[in-house]
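A.B. asks: Please find one structure pasted underneath; my questions will follow.
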Amino acid sequence: MAVLGLYNYFVFAVLLMIGLYCLLARTNIIKSIIGLSMFQSAVFLLYISMDKVDGGTAPIIQEGVENQIFANPLPQVLILTAIVVGISTTALALAVAVRIREAYGTIEEDKIQEMDRKQ
Amino acid sequence: MTLYDQLPALVVAVLLFTAPIAYMLRMHGFPWAAATAAVVTSFIVACSLAATAIGGETIIYEMGGWPAPYGIVLHIDALSALMAMLITGASSAALIFGAKSLADEVGEETAPAFFAAWLLCTAGLVGMVITGDAFNIFVFMEISSLSTYVLISAGPDRRALISTYRYIVMGTVGATFYLIGVGFLYMVTGTLNTADLGARVGQVEDIRLVLVAAGFVSVGLAVKAAVFPLHSWMPNAYTFAPNAVTVFIAAASTKVSLYVLIRVDYAIFQNSIANHEVQLTLFLVPLGVMALFAGSLLAIYEKNLKRLLAYSSVSQIGYIALGIAMTSVAGLTGAIVHMFNHGLIKGGMFMAVACLALRYRTVNVANLAGAGKAMPWTMAAFVMGGLGLIGVPLTPGFISKWYLVLAALEKGWLGALLVAVILISSLLAVIYVWKVIEVAYFREPRANAVPVTEEAPMVMLIPTWIVVLTGIWFALDTSVSVGLASIAAKTLLGVAL
Amino acid sequence: MIFSESDTIYYALTIPLLGALGIALAGRWPNIRETVTLTTAVAVAIVVWSLIPTLQAGGRPELHFGEMLPGLEIAFKVEPLGMLFGALASGLWIVNSVYSIGYMRGNNEKNQTRFYICFAIAISAAIGVAFSANLLTLFIFYEVLTISTYPLVAHKGDEATVRSARVYMGILLGTSIGLFLPAMIWTYSVAGTLSFTPGGILEGKIAEPLVGILLLLFAFGIGKAALMPIHRWLPAAMVAPTPVSALLHAVAVVKAGVFTITKVFVYIFGIDFLFNQPSHRIIVWVACFTIVVSSFIALRQTNLKRLLAYSTIGQLSYVVLAASILKPLSEVGASMHMMAHAFGKITLFFAAGAIYVASKKTEITDMLGIGRRMPWTMAAFSIGALSMIGVPPTGGFISKWYILGGAIQDDNYLALATLVASTLLNAAYFLPFIFAAFLYKEDVKPVNEHGEAPWPMVAALTFTALLTFAFFIFHQPIADLEAQILVK
C-alpha cells in the first residue's frame, strides 16, 4: 500500500518523462514547447505532493479550533513562484516561435536547419 | 540602520528598480544611460563588498529582518564578492563598450525593453551569487535566463532566433533539473537555506534521495554552465547575439552556474555525503578532460571567429571543471581564479571581435586578412587575449594555470596525467589562436574585398584596452583575485584561513 | 655612481622599452629612428656594464617588484652568470644595430619600424632573463623573448616564411608551456621556492628517478637550448633576415636557452647534489649525441645559413655538455663558451648576411671564389670559423680548454671523445668552404658586379672578428668572475 500511496510521485515521474520525450522528439517548435510545459508541470506536482500532511488542512489559523493539522505552506508558496516562472518561459518561447515563423516562414526545426545550412 | 548596512541588498536592488525605469524612458540614449548608471553603481557597491570580504569576513544580510533559516538571507563571502565584482564589472564594461554597437544592432524602438532586460539579467546573475537560499537561486537563475533569451534574440541575424529557442529549451531543462534537486533536498531536510542545508543533509539517514538530488542539481547546473557535452546551446547563442551581449554573457553568465555548482557541491554535499569527492571527481574529471580536447579541436576547425571563441570557452570551462573536481585548496583556488580571469580574457577578446565586426562586417576568420595592419590596436588586444587563453606569463591565464597544475601535481601519478592533459590543451589553444593571428597579420586581403583602413572608434577601443590592461594588472598583482579565491577555497573546504 | 645598483637594473630593463616607444614614434623618419636605436643600444650597454665592477667585488645587486603569486615575487638579482649574459646581449646589440641598419637599408626591407621595435623588446627580455632572481621571473621574460622574436622571424611575411615562423613559435612555446612550466611548478611544489640559490634548492627534496624526469623536463622544456630532438625551430628560423639570425644565434635567444639550463643546474639543482644523481648522465649523452649528429647534418648542408644553424645546435650542446659535467672548471667553461660562441657566430652570420646583400647568394656551392670579391668579409668569416673549431688564437680555444679540463677532472671519456670528434667535424665542414672561397675561380657569375657589402656591415663584422681575438687575450678577468658562481 505504501507504494500505491505514493502514486502522485509516479505521476510526476511519468509526466516528466513524457514532457522530456516530447521536447526532444518533436521537430515542430510549438509541440516542443508543449513538451517543455508538461516537463515543468510535472515539477509543480512534485512540490505540491510533498506539502501534503495526513489530515492536514489549509494553513489558516481559525479561532476556537485547537490542535489543527496544517499542510506545509512553504512548497505551495515556492511552486507559485515556479508556476509564474513557467508561464513566463512558455510565453517567451511562444513569442520567439512567432518571430521564427516571421523570419523563416516555418516552425519545423529540420526545415529551418536546412535553410540555415544553405545560407 | 545606516545605508552601509544595506549595501548587500543594494547591489541587486539598484538594478531591479532601474529596470522598469529604463523601460519607461523613451528618449534616445536614455535607457542606455540609465542602465549604465545603475550597473556601474552596482559595480562600485560590489567592489566595496569585496573589500570587506577580502578580510575573510562573511556578510549575512537578513531580508526583511527575518532570521535564517526561516527568512531569506543574503550570504556574501569572498567567493560571492569576487563573482559579484566579475558580473557587474563585465556588465558595465560591455554596456560602455556597446554604447555605439548596441545602438546599431538594437533598433531605437526596442532599446528600452532591451536595456531593461539587460538590467534584469545582471540583477539575476548578481542575485544568484549573493543569495544564501537554494530556491532563491532558482528564482534569480530564471530572471537572468529569461532576460538573457531576450538579449540574444535581439541579434541582427535571423539565426539568433533559432539559437535563442534552443537556449530556452536547454536552459529551462537545466533550471528545472535544479528545481527538482532542490525539491528533493527540501523533502528530506525541510530547509532551503544553504548553510542550514549543509548542516542538515549530514543528519539524513537514508542517503538515496540526497544522492538523487545531487545528481539532478549537478546535471542541471552543468547544462547551464555549458560543461561538455551539455554545451550545445552555447556556440550559436554566442555567435548570433549582439556583439556587446556576447561580451557580457561570455564573461559572466556560464561562470555563475559554475559558481552555484561549487556552492552546492562544497557547501551542501561535500561535508555530508560520504565519498562525495570521489563522486565529484568521477563526474567532473572525465567531462573536464573531454571538454578540454573537444572544445579546442572544434575551435581549431571553426571558421567563424565568434564561434571559435565560444568553443574555446567550452574548453576553458573544462579547466574550471577540473579545478572543481580536484577537491583541494589549490584546485579550487585555481578554478575560482580561472572563472574570474577567463571572464576578463574572453570579455576583452569578444570586445576586439566586436571592433573587427564593426569594420569588416563579418567575423569569418578568412576575411580578416590584413586586420593586423588596418586595425593594429584592436588586433593587439586580441593577441593579448589569445596569449591569455594559452596561459603565457604576464596574462591572467598563467595565474590560473599555475594553480591548476600545482593542484594536479598533488595528486600523484594520476595528477601527472592531468598535468599532461592541461598542458596539451594549452598547446591546442596555441593552434587556434595562431590561426587567427597569421591570417590577420600575414595574409594579404583578397583583391575583391572592400579595403578596411580605419581603426575602430575610440569609444570601443578604450573600453577594450581598459579590460585588457585590467587583465595584465590581475596577472601581475594577484592579491585581490587570488586573495579572494584562496579565502573562498579554504572556507569551502573548511580549512583554517 | 649616480644612482643605486637596483636602479641600474631597473634602467637596464626599461631603457630598451623606452627605446622601442621612441622608435615607434620616430617610425616615419628613418634617420631619427636609427639614431634612437643606436642611442638606446649604447645607453643600455653603459648601464649594464656599469654593474661589472660591483660584481667583481662580490656584490649582488637586487631589485624587487613585489609578489605576483603568494610567496613568488618578480625580482631581479645580478650574479656573474647573468652579468656575463646581460653584458654580452647589450654589447652585441650595438654592433648588431649598426649591422642591421646596413642590412635593412641595403636590402630595402619592408616594415623596418616593426623590426626595430621588436628587436628592442627582445633585448629587454634578454636582460630580464639574465638578471632574474628566480625561475618564475626568468620564465616570464623567456616567454616574452619568444613572442617578441616571432614577428622578427616572420618578417618577410610570405607563405613559406609564415610556415617556418609557425614551427619556431610552436616548438618554443610548446616546449616551454608543455615541459618547462610543469617542471617549474613541480620544483615549486617540492622545494617551496623558486629563488636561484647558490648550492641549489632541491637537495634532499626529491629523489631518483624523479630527479631524472625533472631534469629531462627542464632540459627539453628549455627549447631555446636546441637539444635534439627539439632543435627543428633553429633551422626553420633561418628564413629570418640575417640580423635576426644573429640575434637568435649569438645575442639573445639560444644564449637565453643555454644560460637557463646552466642556471637551473647551478642554482636550482646545485651541482654537488646533481653530481650524485646518476640520471645527470642522461643529459651528457643527449648533449654528446646532439653535438655529433648536428655536425654530420651540417656537413651535408649547401645553404650557408642552414649550415650555420646546425653548427649552432652543436655549439649549444657544448655549453649543455659543459654544464652537465658538473665540475667547477666545466661550469666556468660553459659560461666562457657562451661568450666565445657569441663572438664567433655573430661574425659568421654577419658575413653570411653581407654575402647575401652584396651578391644575393645563399648556397655555398655558388660562392666559389667569393673571397676575392669580398676579402674583408671572408677573412672575418674564416676567423669566426676558426673560433668554432677552437683554434688558437681565437676565443673558441679558451672555452674548449676549460670544458676539456672539466671533462678530464671527471674522467668523462665520452665527453672527451665527443669534443675531439666534433672539432674534426667542425673543421671538415668549415675549412673546405673557406678554401674554395679564396682559392677557386668564380664559376657562377653574380647578377651584378659586386664588391663588399655596405660599410656599416663590414665594419660590424670586422669588429666582431676582432672581438674573438680580444676574448682569447683578455679572458682571465671573465674567468675569475665566473668562478664566483660556485661559491656558496
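Following the order of the C-alpha cells, chains are lettered A, B, ..., residues in each are numbered from 1, and ligands are numbered from 1.
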Would you give me, as JSON lines, each residue of chain A having an atom within 8 Å of an atom of chain B, along with its shortest atom pair and that distance in Å to one decimal, using only C-alpha atoms and sorting by chain and residue number?

C.D. replies:
{"residue": "A:Leu36", "atom": "CA", "partner": "B:Val169", "partner_atom": "CA", "distance": 7.2}
{"residue": "A:Gln40", "atom": "CA", "partner": "B:Thr176", "partner_atom": "CA", "distance": 6.7}
{"residue": "A:Val43", "atom": "CA", "partner": "B:Ile180", "partner_atom": "CA", "distance": 6.5}
{"residue": "A:Leu46", "atom": "CA", "partner": "B:Gly183", "partner_atom": "CA", "distance": 7.7}
{"residue": "A:Tyr47", "atom": "CA", "partner": "B:Gly183", "partner_atom": "CA", "distance": 6.5}
{"residue": "A:Met50", "atom": "CA", "partner": "B:Met187", "partner_atom": "CA", "distance": 6.7}
{"residue": "A:Leu78", "atom": "CA", "partner": "B:Phe135", "partner_atom": "CA", "distance": 7.7}
{"residue": "A:Thr81", "atom": "CA", "partner": "B:Val139", "partner_atom": "CA", "distance": 7.7}
{"residue": "A:Ala82", "atom": "CA", "partner": "B:Val139", "partner_atom": "CA", "distance": 7.7}
{"residue": "A:Val85", "atom": "CA", "partner": "B:Glu142", "partner_atom": "CA", "distance": 6.9}
{"residue": "A:Ser88", "atom": "CA", "partner": "B:Leu146", "partner_atom": "CA", "distance": 7.9}
{"residue": "A:Thr89", "atom": "CA", "partner": "B:Leu146", "partner_atom": "CA", "distance": 6.8}
{"residue": "A:Leu92", "atom": "CA", "partner": "B:Leu146", "partner_atom": "CA", "distance": 7.7}
{"residue": "A:Ala93", "atom": "CA", "partner": "B:Tyr165", "partner_atom": "CA", "distance": 6.6}
{"residue": "A:Val96", "atom": "CA", "partner": "B:Leu161", "partner_atom": "CA", "distance": 6.5}
{"residue": "A:Ala97", "atom": "CA", "partner": "B:Tyr165", "partner_atom": "CA", "distance": 7.6}
{"residue": "A:Arg99", "atom": "CA", "partner": "B:Leu161", "partner_atom": "CA", "distance": 7.2}
{"residue": "A:Ile100", "atom": "CA", "partner": "B:Leu161", "partner_atom": "CA", "distance": 6.1}
{"residue": "A:Ala103", "atom": "CA", "partner": "B:Arg158", "partner_atom": "CA", "distance": 6.3}
{"residue": "A:Tyr104", "atom": "CA", "partner": "B:Arg158", "partner_atom": "CA", "distance": 8.0}
{"residue": "A:Asp116", "atom": "CA", "partner": "B:Arg159", "partner_atom": "CA", "distance": 7.4}

A.B. asks: Please provide the set of residues having any atom within 9 Å of Tyr403 (chain B), restricted to only C-alpha atoms, with same-chain residues fewer than 6 positions apart removed, written as a ChimeraX atom specification.

C.D. replies: /B:323,330-335,337 /C:185

A.B. asks: Report, in Å to a single decimal, how far apart CA of Ala323 (chain C) and CA of Phe273 (chain C) are.

C.D. replies: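 Result for CA of Phe273 (chain C) versus CA of Ala323 (chain C): 13.7 Å, one decimal.
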
A.B. asks: Enumerate as a CSV table (one decimal) with all heavy atoms, in the first residue's frame the residues belonging to chain B that approach chain C to within 6 Å, with only C-alpha atoms taken into account.

C.D. replies:
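Written output follows (selection-v2.csv):
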chain,number,residue,atom,x,y,z
B,393,PRO,N,52.9,33.7,-19.4
B,393,PRO,CA,53.0,34.6,-18.3
B,393,PRO,C,52.8,36.1,-18.7
B,393,PRO,O,52.9,36.5,-19.9
B,393,PRO,CB,54.5,34.4,-17.9
B,393,PRO,CG,55.1,33.6,-18.9
B,393,PRO,CD,54.1,32.9,-19.7
B,423,LEU,N,48.2,20.7,-20.2
B,423,LEU,CA,49.2,21.4,-21.0
B,423,LEU,C,49.0,21.1,-22.5
B,423,LEU,O,49.2,22.0,-23.3
B,423,LEU,CB,50.6,21.0,-20.5
B,423,LEU,CG,50.9,21.5,-19.1
B,423,LEU,CD1,52.1,20.8,-18.5
B,423,LEU,CD2,51.0,23.0,-19.0
B,427,LEU,N,48.4,23.8,-25.6
B,427,LEU,CA,49.1,23.8,-26.9
B,427,LEU,C,48.1,23.9,-28.0
B,427,LEU,O,48.3,24.5,-29.1
B,427,LEU,CB,50.0,22.6,-27.0
B,427,LEU,CG,51.1,22.6,-25.9
B,427,LEU,CD1,52.0,21.4,-26.1
B,427,LEU,CD2,51.9,23.9,-26.0
B,442,PHE,N,49.6,38.3,-41.5
B,442,PHE,CA,50.5,38.0,-42.6
B,442,PHE,C,49.8,37.7,-43.9
B,442,PHE,O,50.5,37.5,-44.9
B,442,PHE,CB,51.4,36.8,-42.2
B,442,PHE,CG,52.3,37.1,-41.1
B,442,PHE,CD1,52.1,36.6,-39.8
B,442,PHE,CD2,53.3,38.0,-41.3
B,442,PHE,CE1,52.9,36.9,-38.8
B,442,PHE,CE2,54.1,38.3,-40.2
B,442,PHE,CZ,53.9,37.8,-39.0
B,476,LEU,N,49.7,40.5,-12.8
B,476,LEU,CA,50.9,40.9,-12.0
B,476,LEU,C,50.6,41.1,-10.5
B,476,LEU,O,51.4,40.6,-9.7
B,476,LEU,CB,51.4,42.3,-12.6
B,476,LEU,CG,52.1,42.2,-13.9
B,476,LEU,CD1,52.3,43.6,-14.5
B,476,LEU,CD2,53.3,41.4,-13.8
B,477,ASP,N,49.5,41.7,-10.2
B,477,ASP,CA,49.1,41.8,-8.8
B,477,ASP,C,47.9,40.9,-8.5
B,477,ASP,O,46.8,41.3,-8.9
B,477,ASP,CB,48.8,43.3,-8.5
B,477,ASP,CG,48.4,43.5,-7.1
B,477,ASP,OD1,48.6,42.5,-6.3
B,477,ASP,OD2,48.0,44.5,-6.7
B,478,THR,N,48.2,39.8,-7.9
B,478,THR,CA,47.1,38.8,-7.8
B,478,THR,C,46.5,38.9,-6.4
B,478,THR,O,45.8,38.0,-6.0
B,478,THR,CB,47.6,37.4,-8.0
B,478,THR,OG1,48.7,37.2,-7.1
B,478,THR,CG2,48.1,37.2,-9.4

A.B. asks: Just to confirm, what's the straight-line distance from CA of Met83 (chain B) to CA of Ala321 (chain B) in Å (one decimal)?

C.D. replies: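 Straight-line distance from CA of Met83 (chain B) to CA of Ala321 (chain B) works out to 16.4 Å.
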
A.B. asks: Might you pull out every residue within 6 Å of region 403-415 of chain C, with only C-alpha atoms counted and same-chain residues fewer than 2 positions away left off, and present them as a VMD selection string?

C.D. replies: chain C and resid 322 327 329 to 330 333 400 to 401 417 to 418

A.B. asks: Which value, in Å to one decimal, gives the distance between CA of Ile33 (chain A) and CA of Arg117 (chain A)?

C.D. replies: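 Spanning CA of Ile33 (chain A) to CA of Arg117 (chain A) is a straight-line distance of 23.7 Å.
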
A.B. asks: Where does DSSP see strand (DSSP E or B) in chain A, if you list the residues as JSON, numbers by chain?

C.D. replies: {"A": [28, 57, 70, 108]}

A.B. asks: Could you give me, as a list in words, the residues within 9 Å of Leu439 (chain C), counting only C-alpha atoms and dropping anything in the same chain fewer than 6 positions from it?

C.D. replies: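 The residues that qualify are Leu368, Gly369, Gly371 and Arg372 of chain C.
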
A.B. asks: The selected residues should be written to file as a compact mmCIF listing (two decimals), in the first residue's frame (atoms: C-alpha atoms).

C.D. replies:
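Written output follows (selection17.txt):
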# COMPACT_ATOMS: atom_id res chain seq x y z
CA LEU C 368 83.40 29.68 -55.07
CA GLY C 369 85.96 32.41 -55.27
CA GLY C 371 86.77 35.66 -51.12
CA ARG C 372 88.36 37.58 -53.96

A.B. asks: For the helix (DSSP H, G or I) assignment from backbone DSSP, which residues of region 319-373 of chain B qualify? Please present them as a ChimeraX atom specification.

C.D. replies: /B:319-325,329-360,365-368,371-373

A.B. asks: Go ahead and dump the residues you just picked, C-alpha atoms, as a short mmCIF file (atom, residue, chain, number, x, y, z; two decimals), in the first residue's frame.

C.D. replies:
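Once everything was written out, this is selection_3.cif:
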data_model
loop_
_atom_site.label_atom_id
_atom_site.label_comp_id
_atom_site.auth_asym_id
_atom_site.auth_seq_id
_atom_site.Cartn_x
_atom_site.Cartn_y
_atom_site.Cartn_z
CA TYR B 319 39.71 23.75 -16.84
CA ILE B 320 37.33 25.13 -14.26
CA ALA B 321 35.54 21.79 -14.01
CA LEU B 322 38.87 20.04 -13.47
CA GLY B 323 39.80 22.53 -10.77
CA ILE B 324 36.47 21.97 -9.00
CA ALA B 325 36.93 18.20 -9.25
CA VAL B 329 42.61 24.17 -1.83
CA ALA B 330 44.95 24.72 -4.77
CA GLY B 331 42.50 23.19 -7.25
CA LEU B 332 39.53 25.15 -6.03
CA THR B 333 41.59 28.33 -5.91
CA GLY B 334 42.64 27.66 -9.49
CA ALA B 335 39.05 27.05 -10.58
CA ILE B 336 37.75 30.20 -8.92
CA VAL B 337 40.61 32.36 -10.17
CA HIS B 338 40.11 30.97 -13.64
CA MET B 339 36.41 31.85 -13.57
CA PHE B 340 37.44 35.42 -12.88
CA ASN B 341 40.44 35.53 -15.19
CA HIS B 342 38.71 33.77 -18.04
CA GLY B 343 35.90 36.27 -17.75
CA LEU B 344 38.41 39.07 -18.19
CA ILE B 345 40.22 37.38 -21.07
CA LYS B 346 37.12 36.36 -23.02
CA GLY B 347 35.41 39.67 -22.39
CA GLY B 348 38.38 41.50 -23.85
CA MET B 349 38.59 39.15 -26.80
CA PHE B 350 34.91 39.42 -27.69
CA MET B 351 35.29 43.20 -27.48
CA ALA B 352 38.12 43.03 -30.01
CA VAL B 353 35.95 40.79 -32.18
CA ALA B 354 33.12 43.32 -31.97
CA CYS B 355 35.53 46.02 -33.17
CA LEU B 356 36.55 43.80 -36.07
CA ALA B 357 32.91 43.04 -36.87
CA LEU B 358 32.11 46.74 -36.95
CA ARG B 359 34.67 47.44 -39.67
CA TYR B 360 34.78 44.17 -41.57
CA VAL B 365 38.46 34.31 -39.99
CA ALA B 366 39.40 34.13 -43.67
CA ASN B 367 38.00 37.60 -44.35
CA LEU B 368 40.07 39.25 -41.65
CA ALA B 371 43.49 43.31 -39.97
CA GLY B 372 46.84 43.49 -38.22
CA LYS B 373 47.74 46.49 -40.30
#
